[in-house]
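Listing of model.cif; format and content: mmCIF, C-alpha atoms.
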data_data
loop_
_atom_site.group_PDB
_atom_site.id
_atom_site.type_symbol
_atom_site.label_atom_id
_atom_site.label_comp_id
_atom_site.auth_asym_id
_atom_site.auth_seq_id
_atom_site.Cartn_x
_atom_site.Cartn_y
_atom_site.Cartn_z
ATOM 1 C CA MET A 48 0.000 0.000 0.000
ATOM 2 C CA GLN A 49 1.932 3.024 -1.295
ATOM 3 C CA ASN A 50 -0.710 5.765 -1.108
ATOM 4 C CA GLU A 51 -0.531 8.554 1.459
ATOM 5 C CA PRO A 52 -2.324 7.568 4.703
ATOM 6 C CA PHE A 53 -5.212 9.566 6.131
ATOM 7 C CA PHE A 54 -3.309 10.303 9.368
ATOM 8 C CA GLN A 55 0.275 10.299 10.625
ATOM 9 C CA ARG A 56 1.001 9.537 14.263
ATOM 10 C CA ASP A 57 2.814 12.189 16.316
ATOM 11 C CA GLY A 58 3.079 10.917 19.885
ATOM 12 C CA ILE A 59 -0.481 10.664 21.232
ATOM 13 C CA LEU A 60 -1.817 12.817 18.381
ATOM 14 C CA TYR A 61 -3.005 11.935 14.884
ATOM 15 C CA VAL A 62 -2.141 14.511 12.222
ATOM 16 C CA PRO A 63 -4.624 14.617 9.295
ATOM 17 C CA GLN A 64 -3.097 14.472 5.818
ATOM 18 C CA PRO A 65 -4.485 16.376 2.788
ATOM 19 C CA ILE A 66 -6.154 13.254 1.377
ATOM 20 C CA ALA A 67 -8.474 13.183 4.430
ATOM 21 C CA ARG A 68 -10.311 16.282 3.124
ATOM 22 C CA GLY A 69 -14.105 15.951 2.866
ATOM 23 C CA PRO A 70 -16.538 17.004 0.131
ATOM 24 C CA TRP A 71 -18.471 19.687 2.047
ATOM 25 C CA ASN A 72 -15.704 22.086 3.039
ATOM 26 C CA PRO A 73 -12.092 22.132 1.796
ATOM 27 C CA GLN A 74 -10.941 22.832 5.362
ATOM 28 C CA SER A 75 -12.764 19.886 6.950
ATOM 29 C CA LEU A 76 -12.272 16.138 7.204
ATOM 30 C CA HIS A 77 -14.245 13.433 5.460
ATOM 31 C CA GLY A 78 -16.722 11.512 7.648
ATOM 32 C CA ARG A 79 -15.268 8.170 6.651
ATOM 33 C CA VAL A 80 -11.837 9.016 8.091
ATOM 34 C CA ILE A 81 -13.466 10.005 11.397
ATOM 35 C CA ALA A 82 -15.217 6.631 11.603
ATOM 36 C CA GLY A 83 -12.082 4.847 10.483
ATOM 37 C CA LEU A 84 -9.818 6.503 13.055
ATOM 38 C CA LEU A 85 -12.249 5.838 15.916
ATOM 39 C CA GLY A 86 -12.570 2.205 14.823
ATOM 40 C CA HIS A 87 -8.777 1.942 14.630
ATOM 41 C CA ALA A 88 -8.353 3.354 18.160
ATOM 42 C CA LEU A 89 -11.030 1.120 19.673
ATOM 43 C CA GLU A 90 -9.606 -2.019 18.123
ATOM 44 C CA GLU A 91 -6.046 -1.062 19.070
ATOM 45 C CA ALA A 92 -7.056 -0.486 22.706
ATOM 46 C CA PHE A 93 -9.595 -3.264 23.273
ATOM 47 C CA GLY A 94 -9.544 -5.763 20.393
ATOM 48 C CA GLU A 95 -8.983 -9.438 21.220
ATOM 49 C CA PRO A 96 -8.812 -12.448 18.894
ATOM 50 C CA ASP A 97 -11.763 -14.190 20.595
ATOM 51 C CA PHE A 98 -14.053 -11.165 20.290
ATOM 52 C CA VAL A 99 -15.770 -9.797 17.171
ATOM 53 C CA PRO A 100 -16.458 -6.021 17.021
ATOM 54 C CA ALA A 101 -20.120 -6.664 16.230
ATOM 55 C CA ARG A 102 -21.356 -3.083 16.460
ATOM 56 C CA LEU A 103 -19.657 0.264 15.910
ATOM 57 C CA THR A 104 -21.709 3.458 16.267
ATOM 58 C CA VAL A 105 -20.152 6.829 15.462
ATOM 59 C CA ASP A 106 -21.930 10.105 16.281
ATOM 60 C CA MET A 107 -20.505 13.022 14.279
ATOM 61 C CA PHE A 108 -21.803 16.275 15.768
ATOM 62 C CA LYS A 109 -19.205 18.811 14.616
ATOM 63 C CA LEU A 110 -17.168 19.022 11.408
ATOM 64 C CA PRO A 111 -13.456 18.820 12.322
ATOM 65 C CA GLY A 112 -10.728 20.693 10.513
ATOM 66 C CA PHE A 113 -7.076 19.747 10.084
ATOM 67 C CA ASP A 114 -5.900 20.327 13.655
ATOM 68 C CA PRO A 115 -4.028 17.405 15.241
ATOM 69 C CA ILE A 116 -6.479 14.941 16.791
ATOM 70 C CA GLU A 117 -6.528 13.217 20.136
ATOM 71 C CA VAL A 118 -8.600 10.062 20.561
ATOM 72 C CA ARG A 119 -9.527 9.167 24.129
ATOM 73 C CA THR A 120 -10.737 5.626 24.753
ATOM 74 C CA ALA A 121 -12.474 4.078 27.755
ATOM 75 C CA LEU A 122 -13.670 0.607 28.671
ATOM 76 C CA VAL A 123 -17.321 0.705 29.724
ATOM 77 C CA ARG A 124 -17.720 -2.969 30.562
ATOM 78 C CA GLN A 125 -15.512 -6.048 30.403
ATOM 79 C CA GLY A 126 -17.550 -9.234 30.644
ATOM 80 C CA GLY A 127 -16.870 -12.818 29.757
ATOM 81 C CA ARG A 128 -19.008 -12.637 26.605
ATOM 82 C CA ILE A 129 -19.751 -8.933 26.044
ATOM 83 C CA LYS A 130 -17.317 -6.023 26.117
ATOM 84 C CA VAL A 131 -18.300 -2.395 25.503
ATOM 85 C CA ALA A 132 -15.865 0.459 24.866
ATOM 86 C CA GLU A 133 -16.064 4.136 23.890
ATOM 87 C CA ALA A 134 -13.824 6.582 22.031
ATOM 88 C CA GLU A 135 -13.901 10.375 21.719
ATOM 89 C CA PHE A 136 -12.560 12.344 18.736
ATOM 90 C CA ILE A 137 -11.037 15.648 19.930
ATOM 91 C CA SER A 138 -9.824 18.230 17.408
ATOM 92 C CA GLY A 139 -8.407 21.585 18.448
ATOM 93 C CA GLY A 140 -9.346 20.797 22.031
ATOM 94 C CA VAL A 141 -13.034 20.355 21.092
ATOM 95 C CA SER A 142 -15.011 17.089 21.143
ATOM 96 C CA MET A 143 -16.357 16.558 17.618
ATOM 97 C CA ALA A 144 -17.350 12.884 17.472
ATOM 98 C CA LYS A 145 -17.864 9.902 19.749
ATOM 99 C CA ALA A 146 -18.012 6.189 19.106
ATOM 100 C CA SER A 147 -19.112 3.118 21.002
ATOM 101 C CA CYS A 148 -18.184 -0.431 20.110
ATOM 102 C CA GLN A 149 -19.678 -3.698 21.308
ATOM 103 C CA PHE A 150 -17.342 -6.686 21.164
ATOM 104 C CA LEU A 151 -18.988 -10.135 21.328
ATOM 105 C CA ARG A 152 -17.128 -13.354 22.108
ATOM 106 C CA ARG A 153 -17.152 -16.014 19.416
ATOM 107 C CA THR A 154 -19.207 -19.013 20.504
ATOM 108 C CA GLU A 155 -21.028 -22.057 19.150
ATOM 109 C CA ALA A 156 -24.025 -21.189 16.972
ATOM 110 C CA PRO A 157 -27.446 -22.450 18.130
ATOM 111 C CA GLU A 158 -29.122 -25.221 16.170
ATOM 112 C CA GLY A 159 -31.835 -24.492 13.626
ATOM 113 C CA ARG A 160 -32.264 -22.481 10.443
ATOM 114 C CA VAL A 161 -33.296 -18.812 10.371
ATOM 115 C CA TYR A 162 -34.351 -17.001 7.197
ATOM 116 C CA GLY A 163 -31.943 -14.448 5.763
ATOM 117 C CA PRO A 164 -31.465 -12.853 2.329
ATOM 118 C CA GLY A 165 -28.385 -14.970 1.685
ATOM 119 C CA ASN A 166 -25.568 -14.139 -0.706
ATOM 120 C CA TRP A 167 -25.816 -11.847 -3.685
ATOM 121 C CA ASP A 168 -25.155 -13.016 -7.223
ATOM 122 C CA VAL A 169 -22.832 -10.368 -8.678
ATOM 123 C CA PRO A 170 -19.603 -10.224 -10.701
ATOM 124 C CA LYS A 171 -16.283 -10.388 -8.864
ATOM 125 C CA PRO A 172 -14.397 -7.084 -8.505
ATOM 126 C CA GLU A 173 -11.659 -8.218 -10.892
ATOM 127 C CA ASP A 174 -14.261 -8.779 -13.601
ATOM 128 C CA ILE A 175 -15.497 -5.146 -13.531
ATOM 129 C CA THR A 176 -13.784 -2.253 -15.351
ATOM 130 C CA PRO A 177 -12.505 0.424 -12.917
ATOM 131 C CA PRO A 178 -14.443 3.718 -13.204
ATOM 132 C CA ASP A 179 -13.103 7.277 -13.143
ATOM 133 C CA TYR A 180 -14.833 9.217 -10.368
ATOM 134 C CA GLY A 181 -12.451 12.200 -10.358
ATOM 135 C CA PRO A 182 -10.446 13.474 -7.350
ATOM 136 C CA MET A 183 -12.707 11.963 -4.645
ATOM 137 C CA GLY A 184 -12.248 8.576 -6.280
ATOM 138 C CA ARG A 185 -8.613 8.667 -5.207
ATOM 139 C CA MET A 186 -9.775 7.975 -1.645
ATOM 140 C CA TRP A 187 -10.869 4.433 -2.508
ATOM 141 C CA ALA A 188 -11.182 1.899 -5.319
ATOM 142 C CA THR A 189 -14.668 1.052 -6.556
ATOM 143 C CA ARG A 190 -16.173 -1.419 -8.999
ATOM 144 C CA PRO A 191 -19.808 -0.407 -9.699
ATOM 145 C CA ILE A 192 -22.132 -3.376 -10.190
ATOM 146 C CA LYS A 193 -25.590 -1.903 -10.712
ATOM 147 C CA GLY A 194 -27.046 1.602 -10.474
ATOM 148 C CA GLY A 195 -25.000 4.793 -10.319
ATOM 149 C CA PHE A 196 -24.657 7.989 -8.338
ATOM 150 C CA ASN A 197 -26.818 9.963 -10.736
ATOM 151 C CA ASP A 198 -29.102 7.071 -11.587
ATOM 152 C CA PRO A 199 -32.514 7.024 -9.831
ATOM 153 C CA ASN A 200 -32.565 3.236 -10.204
ATOM 154 C CA ASP A 201 -33.636 1.795 -6.846
ATOM 155 C CA VAL A 202 -31.065 -1.015 -7.101
ATOM 156 C CA ARG A 203 -27.532 0.122 -6.259
ATOM 157 C CA GLN A 204 -24.657 -2.293 -5.798
ATOM 158 C CA THR A 205 -20.921 -1.686 -5.767
ATOM 159 C CA TRP A 206 -17.625 -3.056 -4.534
ATOM 160 C CA MET A 207 -15.261 -0.798 -2.567
ATOM 161 C CA ALA A 208 -11.672 -1.339 -1.450
ATOM 162 C CA GLU A 209 -9.539 0.955 0.673
ATOM 163 C CA VAL A 210 -6.314 2.030 -1.041
ATOM 164 C CA ARG A 211 -4.468 3.613 1.897
ATOM 165 C CA GLU A 212 -3.781 3.161 5.588
ATOM 166 C CA ILE A 213 -5.798 4.978 8.235
ATOM 167 C CA VAL A 214 -2.619 5.645 10.242
ATOM 168 C CA GLY A 215 0.722 5.668 8.477
ATOM 169 C CA GLY A 216 2.830 2.558 9.049
ATOM 170 C CA MET A 217 -0.089 0.523 10.435
ATOM 171 C CA PRO A 218 -1.553 -1.937 7.909
ATOM 172 C CA LEU A 219 -5.338 -2.153 7.811
ATOM 173 C CA THR A 220 -6.958 -4.937 9.785
ATOM 174 C CA PRO A 221 -10.223 -6.496 8.534
ATOM 175 C CA PHE A 222 -12.229 -4.443 11.057
ATOM 176 C CA GLN A 223 -10.472 -1.183 10.193
ATOM 177 C CA ARG A 224 -11.060 -1.855 6.508
ATOM 178 C CA VAL A 225 -14.830 -2.023 6.969
ATOM 179 C CA ALA A 226 -14.899 0.729 9.641
ATOM 180 C CA VAL A 227 -13.359 3.271 7.256
ATOM 181 C CA ALA A 228 -15.694 2.120 4.465
ATOM 182 C CA CYS A 229 -18.994 2.069 6.372
ATOM 183 C CA ASP A 230 -19.615 5.839 6.158
ATOM 184 C CA PHE A 231 -20.143 5.263 2.420
ATOM 185 C CA VAL A 232 -23.663 4.118 3.362
ATOM 186 C CA SER A 233 -24.767 7.776 3.437
ATOM 187 C CA PRO A 234 -23.943 8.822 -0.131
ATOM 188 C CA PHE A 235 -24.846 5.407 -1.497
ATOM 189 C CA ALA A 236 -28.271 5.398 0.178
ATOM 190 C CA HIS A 237 -29.119 9.112 -0.054
ATOM 191 C CA VAL A 238 -27.752 10.412 -3.370
ATOM 192 C CA SER A 239 -30.409 11.424 -5.923
ATOM 193 C CA ASP A 240 -30.466 12.226 -9.620
ATOM 194 C CA LYS A 241 -29.710 15.830 -8.537
ATOM 195 C CA GLY A 242 -26.647 14.862 -6.515
ATOM 196 C CA LEU A 243 -25.992 14.353 -2.817
ATOM 197 C CA GLY A 244 -28.124 16.661 -0.683
ATOM 198 C CA TYR A 245 -27.641 15.059 2.751
ATOM 199 C CA ILE A 246 -24.806 15.078 5.259
ATOM 200 C CA ASN A 247 -24.888 12.189 7.718
ATOM 201 C CA SER A 248 -24.723 12.840 11.449
ATOM 202 C CA ASP A 249 -23.954 9.252 12.402
ATOM 203 C CA VAL A 250 -23.164 5.802 11.099
ATOM 204 C CA THR A 251 -23.728 2.392 12.674
ATOM 205 C CA LEU A 252 -21.944 -0.729 11.480
ATOM 206 C CA TYR A 253 -23.194 -4.218 12.395
ATOM 207 C CA LEU A 254 -21.022 -7.264 11.692
ATOM 208 C CA HIS A 255 -21.754 -10.942 12.259
ATOM 209 C CA ARG A 256 -18.243 -11.729 11.023
ATOM 210 C CA LEU A 257 -15.142 -9.856 9.929
ATOM 211 C CA PRO A 258 -14.551 -9.370 6.189
ATOM 212 C CA VAL A 259 -12.083 -11.483 4.256
ATOM 213 C CA GLY A 260 -9.983 -9.786 1.582
ATOM 214 C CA GLU A 261 -9.809 -6.179 0.428
ATOM 215 C CA TRP A 262 -13.230 -5.689 -1.179
ATOM 216 C CA ILE A 263 -16.385 -4.655 0.684
ATOM 217 C CA GLY A 264 -19.678 -4.941 -1.205
ATOM 218 C CA PHE A 265 -22.466 -2.384 -0.685
ATOM 219 C CA GLU A 266 -26.085 -2.991 -1.625
ATOM 220 C CA LYS A 267 -28.547 -0.187 -0.952
ATOM 221 C CA THR A 268 -31.583 -1.561 0.884
ATOM 222 C CA ASP A 269 -33.443 1.560 2.035
ATOM 223 C CA HIS A 270 -33.772 5.342 1.999
ATOM 224 C CA GLN A 271 -36.563 7.202 3.764
ATOM 225 C CA ALA A 272 -36.819 10.975 4.255
ATOM 226 C CA ALA A 273 -39.182 13.698 5.489
ATOM 227 C CA GLU A 274 -38.655 17.367 6.388
ATOM 228 C CA GLY A 275 -34.970 17.249 5.544
ATOM 229 C CA ILE A 276 -34.203 14.221 7.760
ATOM 230 C CA ALA A 277 -33.232 10.935 6.150
ATOM 231 C CA VAL A 278 -32.310 7.424 7.219
ATOM 232 C CA GLY A 279 -30.553 4.932 4.981
ATOM 233 C CA GLU A 280 -29.223 1.392 5.052
ATOM 234 C CA CYS A 281 -26.959 -0.908 3.036
ATOM 235 C CA ARG A 282 -26.210 -4.607 3.279
ATOM 236 C CA LEU A 283 -22.485 -5.387 3.334
ATOM 237 C CA TYR A 284 -20.628 -8.279 1.720
ATOM 238 C CA ASP A 285 -17.175 -9.599 1.004
ATOM 239 C CA GLU A 286 -16.306 -11.984 -1.803
ATOM 240 C CA GLN A 287 -17.380 -14.939 0.364
ATOM 241 C CA GLY A 288 -20.847 -13.629 1.267
ATOM 242 C CA PRO A 289 -22.746 -11.356 3.680
ATOM 243 C CA ILE A 290 -20.898 -9.787 6.617
ATOM 244 C CA GLY A 291 -23.516 -7.404 8.087
ATOM 245 C CA PHE A 292 -25.029 -4.024 7.305
ATOM 246 C CA ALA A 293 -24.559 -0.278 7.852
ATOM 247 C CA SER A 294 -27.124 2.436 8.565
ATOM 248 C CA CYS A 295 -27.076 6.197 9.052
ATOM 249 C CA ALA A 296 -29.138 9.281 9.836
ATOM 250 C CA ALA A 297 -28.670 12.417 7.746
ATOM 251 C CA LEU A 298 -29.714 16.054 7.428
ATOM 252 C CA GLY A 299 -30.509 17.996 4.279
ATOM 253 C CA GLN A 300 -27.458 20.061 3.356
ATOM 254 C CA LYS A 301 -26.905 22.601 0.580
ATOM 255 C CA ARG A 302 -23.453 22.685 -0.881
ATOM 256 C CA PRO A 303 -21.708 26.056 -0.589
ATOM 257 C CA PRO A 304 -21.584 27.998 -3.862
ATOM 258 C CA PRO A 305 -18.296 27.850 -5.749
ATOM 259 C CA PRO A 306 -15.913 30.745 -5.053
ATOM 260 C CA PRO A 307 -16.076 33.659 -7.516
ATOM 261 C CA PRO A 308 -13.445 33.687 -10.245
ATOM 262 C CA ALA A 309 -10.265 35.512 -9.387
ATOM 263 C CA LYS A 310 -10.054 39.057 -10.664
ATOM 264 C CA PRO A 311 -7.468 39.620 -13.388
#
Using structure tokens, write down the structure that the file contains.
Amino acid sequence: MQNEPFFQRDGILYVPQPIARGPWNPQSLHGRVIAGLLGHALEEAFGEPDFVPARLTVDMFKLPGFDPIEVRTALVRQGGRIKVAEAEFISGGVSMAKASCQFLRRTEAPEGRVYGPGNWDVPKPEDITPPDYGPMGRMWATRPIKGGFNDPNDVRQTWMAEVREIVGGMPLTPFQRVAVACDFVSPFAHVSDKGLGYINSDVTLYLHRLPVGEWIGFEKTDHQAAEGIAVGECRLYDEQGPIGFASCAALGQKRPPPPPPAKP
């Protein structure tokens, strides 16, 4: 992985790199790097081989800039089968996001069959031609399967793979790979034929198992909205089958007008 990471470590601080810039303000960070960094910190502090990080919830209540970031973690409960931990994202001395993670111990599955949607029948990532999504596309690799960002088609499916580390010098783990990807549920669920008009205030990731390999599959399953408030959901896959789903809440957001042309 040769691409510039989203953050570099400087003692206890994480220094955002230019590639971490978000789409709403050139001086602010992308939501996916906030979720990714909090997931990274929680796993680094509390991850154990026998436990699966089955739920990660990230509340994003203030848009951080490029100040160095401190992440404070705390263990809420350590049990034999359930462990709960929290992390706080502090930028410029101000709390801007918080996360909670529930780790569940691997155990023997109960007997019996329960209905589920099962696997999806889609082409493999290597069988799909890479698209050109412009500068934002440099943040990830995608292989669109069905539906597009400006296509009102209700069916949207795509593969996504992270192309850079969250923190420089620290290779992505399976959990970090899906944690930094899960914020993609908001644009994938909420974008319309007029573009993306919502900014998500949270994201929740549910996993029944960790992903295998680099590619995470997204399948839009729902979008509902009223009075400028939206909720959306996507099922998540790897190349072996389903791994869980991601959901988010979002607020209607107008993009700022482009700056006026420079005077000669």
Spatial neighbours of Pro178 in chain A, 8 Å, all atoms listed in the file, chain gap at least 6 places, as a list in words: Thr189, Arg190 and Pro191 of chain A
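Closest to Lys241 in chain A among A:Trp206, A:Phe108, A:Phe196, A:Trp187 is A:Phe196, based on only C-alpha atoms.
Residues in contact with Ala236 in chain A at up to 7 Å, not including ones fewer than 4 positions away on its chain and judged by all atoms listed in the file, are A:Val232, A:Lys267, A:Asp269, A:His270, A:Gly279, A:Glu280.
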Output of the PyMOL selection byres ((chain A and resi 247-260) around 7), listed as a PyMOL selection string: chain A and resi 99+101-108+221-222+229-230+233+245-246+261-262+285+290-298
Given all atoms listed in the file as the counted atoms, nearest of A:Gly195, A:Val62, A:Pro70, A:Arg203 to Ile137 in chain A: A:Val62
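With distances taken over all atoms listed in the file, A:Pro164 is the one residue among A:Pro52, A:Pro218, A:Gly86, A:Pro164 lying closest to Leu283 in chain A.
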Phe231 in chain A surroundings by only C-alpha atoms, 9 Å radius, close-in-sequence under 6 positions cut, as a list of chain:residue names: A:Gly78, A:Arg79, A:Phe265, A:Ala293
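CA of Ala228 in chain A is positioned 7.9 Å from CA of Ala208 in chain A.
Here CA of Gly139 in chain A stands at a distance of 12.1 Å from CA of Pro63 in chain A.
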Distance of CA of Ser239 in chain A from CA of Ile192 in chain A, expressed in Å to one decimal place: 17.5 Å
Given all atoms listed in the file as the counted atoms, nearest of A:Ile213, A:Leu110, A:Leu151, A:Val131 to Pro96 in chain A: A:Leu151
Sphere at (-2.0, 10.8, 3.9), radius 8 Å, counting only C-alpha atoms: residues as a PyMOL selection string: chain A and resi 50-55+63-67+211+215
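Once the PyMOL selection byres ((chain A and resi 138) around 7) is applied to this file, the selection holds Pro111, Asp114, Pro115, Ile116, Glu117, Phe136, Ile137, Gly139, Gly140, Val141, Ser142 and Met143 of chain A.
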Residues returned when the PyMOL selection byres ((chain A and resi 288) around 8) runs on this file, as a PDB file with C-alpha atoms, in the coordinates of the input:
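The resulting file, out.pdb, is reproduced below:
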ATOM      1  CA  GLY A 165     -28.385 -14.970   1.685  1.00  0.00           C
ATOM      2  CA  ASN A 166     -25.568 -14.139  -0.706  1.00  0.00           C
ATOM      3  CA  TRP A 167     -25.816 -11.847  -3.685  1.00  0.00           C
ATOM      4  CA  TYR A 284     -20.628  -8.279   1.720  1.00  0.00           C
ATOM      5  CA  ASP A 285     -17.175  -9.599   1.004  1.00  0.00           C
ATOM      6  CA  GLU A 286     -16.306 -11.984  -1.803  1.00  0.00           C
ATOM      7  CA  GLN A 287     -17.380 -14.939   0.364  1.00  0.00           C
ATOM      8  CA  PRO A 289     -22.746 -11.356   3.680  1.00  0.00           C
ATOM      9  CA  ILE A 290     -20.898  -9.787   6.617  1.00  0.00           C
TER      10      ILE A 290
END
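Nearest residue to Arg153 in chain A among A:Gly275, A:Gly58, A:Pro100, A:Gly264 is A:Pro100, counting all atoms listed in the file.
Considering all atoms listed in the file, the residue among A:Val238, A:Ala226, A:Leu60, A:Leu243 positioned nearest to Leu84 in chain A is A:Ala226.
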Protein and nucleic acid residues near (-8.9, 0.5, 21.3) (cut-off 12 Å, only C-alpha atoms) as a PyMOL selection string: chain A and resi 84-95+100+118-123+130-135+146-150+222-223
Coords for range 203-243 of chain A, C-alpha atoms, as a tab-separated table (two decimals), in the first residue's frame:
chain	number	residue	atom	x	y	z
A	203	ARG	CA	-27.53	0.12	-6.26
A	204	GLN	CA	-24.66	-2.29	-5.80
A	205	THR	CA	-20.92	-1.69	-5.77
A	206	TRP	CA	-17.62	-3.06	-4.53
A	207	MET	CA	-15.26	-0.80	-2.57
A	208	ALA	CA	-11.67	-1.34	-1.45
A	209	GLU	CA	-9.54	0.95	0.67
A	210	VAL	CA	-6.31	2.03	-1.04
A	211	ARG	CA	-4.47	3.61	1.90
A	212	GLU	CA	-3.78	3.16	5.59
A	213	ILE	CA	-5.80	4.98	8.24
A	214	VAL	CA	-2.62	5.65	10.24
A	215	GLY	CA	0.72	5.67	8.48
A	216	GLY	CA	2.83	2.56	9.05
A	217	MET	CA	-0.09	0.52	10.43
A	218	PRO	CA	-1.55	-1.94	7.91
A	219	LEU	CA	-5.34	-2.15	7.81
A	220	THR	CA	-6.96	-4.94	9.79
A	221	PRO	CA	-10.22	-6.50	8.53
A	222	PHE	CA	-12.23	-4.44	11.06
A	223	GLN	CA	-10.47	-1.18	10.19
A	224	ARG	CA	-11.06	-1.85	6.51
A	225	VAL	CA	-14.83	-2.02	6.97
A	226	ALA	CA	-14.90	0.73	9.64
A	227	VAL	CA	-13.36	3.27	7.26
A	228	ALA	CA	-15.69	2.12	4.46
A	229	CYS	CA	-18.99	2.07	6.37
A	230	ASP	CA	-19.62	5.84	6.16
A	231	PHE	CA	-20.14	5.26	2.42
A	232	VAL	CA	-23.66	4.12	3.36
A	233	SER	CA	-24.77	7.78	3.44
A	234	PRO	CA	-23.94	8.82	-0.13
A	235	PHE	CA	-24.85	5.41	-1.50
A	236	ALA	CA	-28.27	5.40	0.18
A	237	HIS	CA	-29.12	9.11	-0.05
A	238	VAL	CA	-27.75	10.41	-3.37
A	239	SER	CA	-30.41	11.42	-5.92
A	240	ASP	CA	-30.47	12.23	-9.62
A	241	LYS	CA	-29.71	15.83	-8.54
A	242	GLY	CA	-26.65	14.86	-6.52
A	243	LEU	CA	-25.99	14.35	-2.82
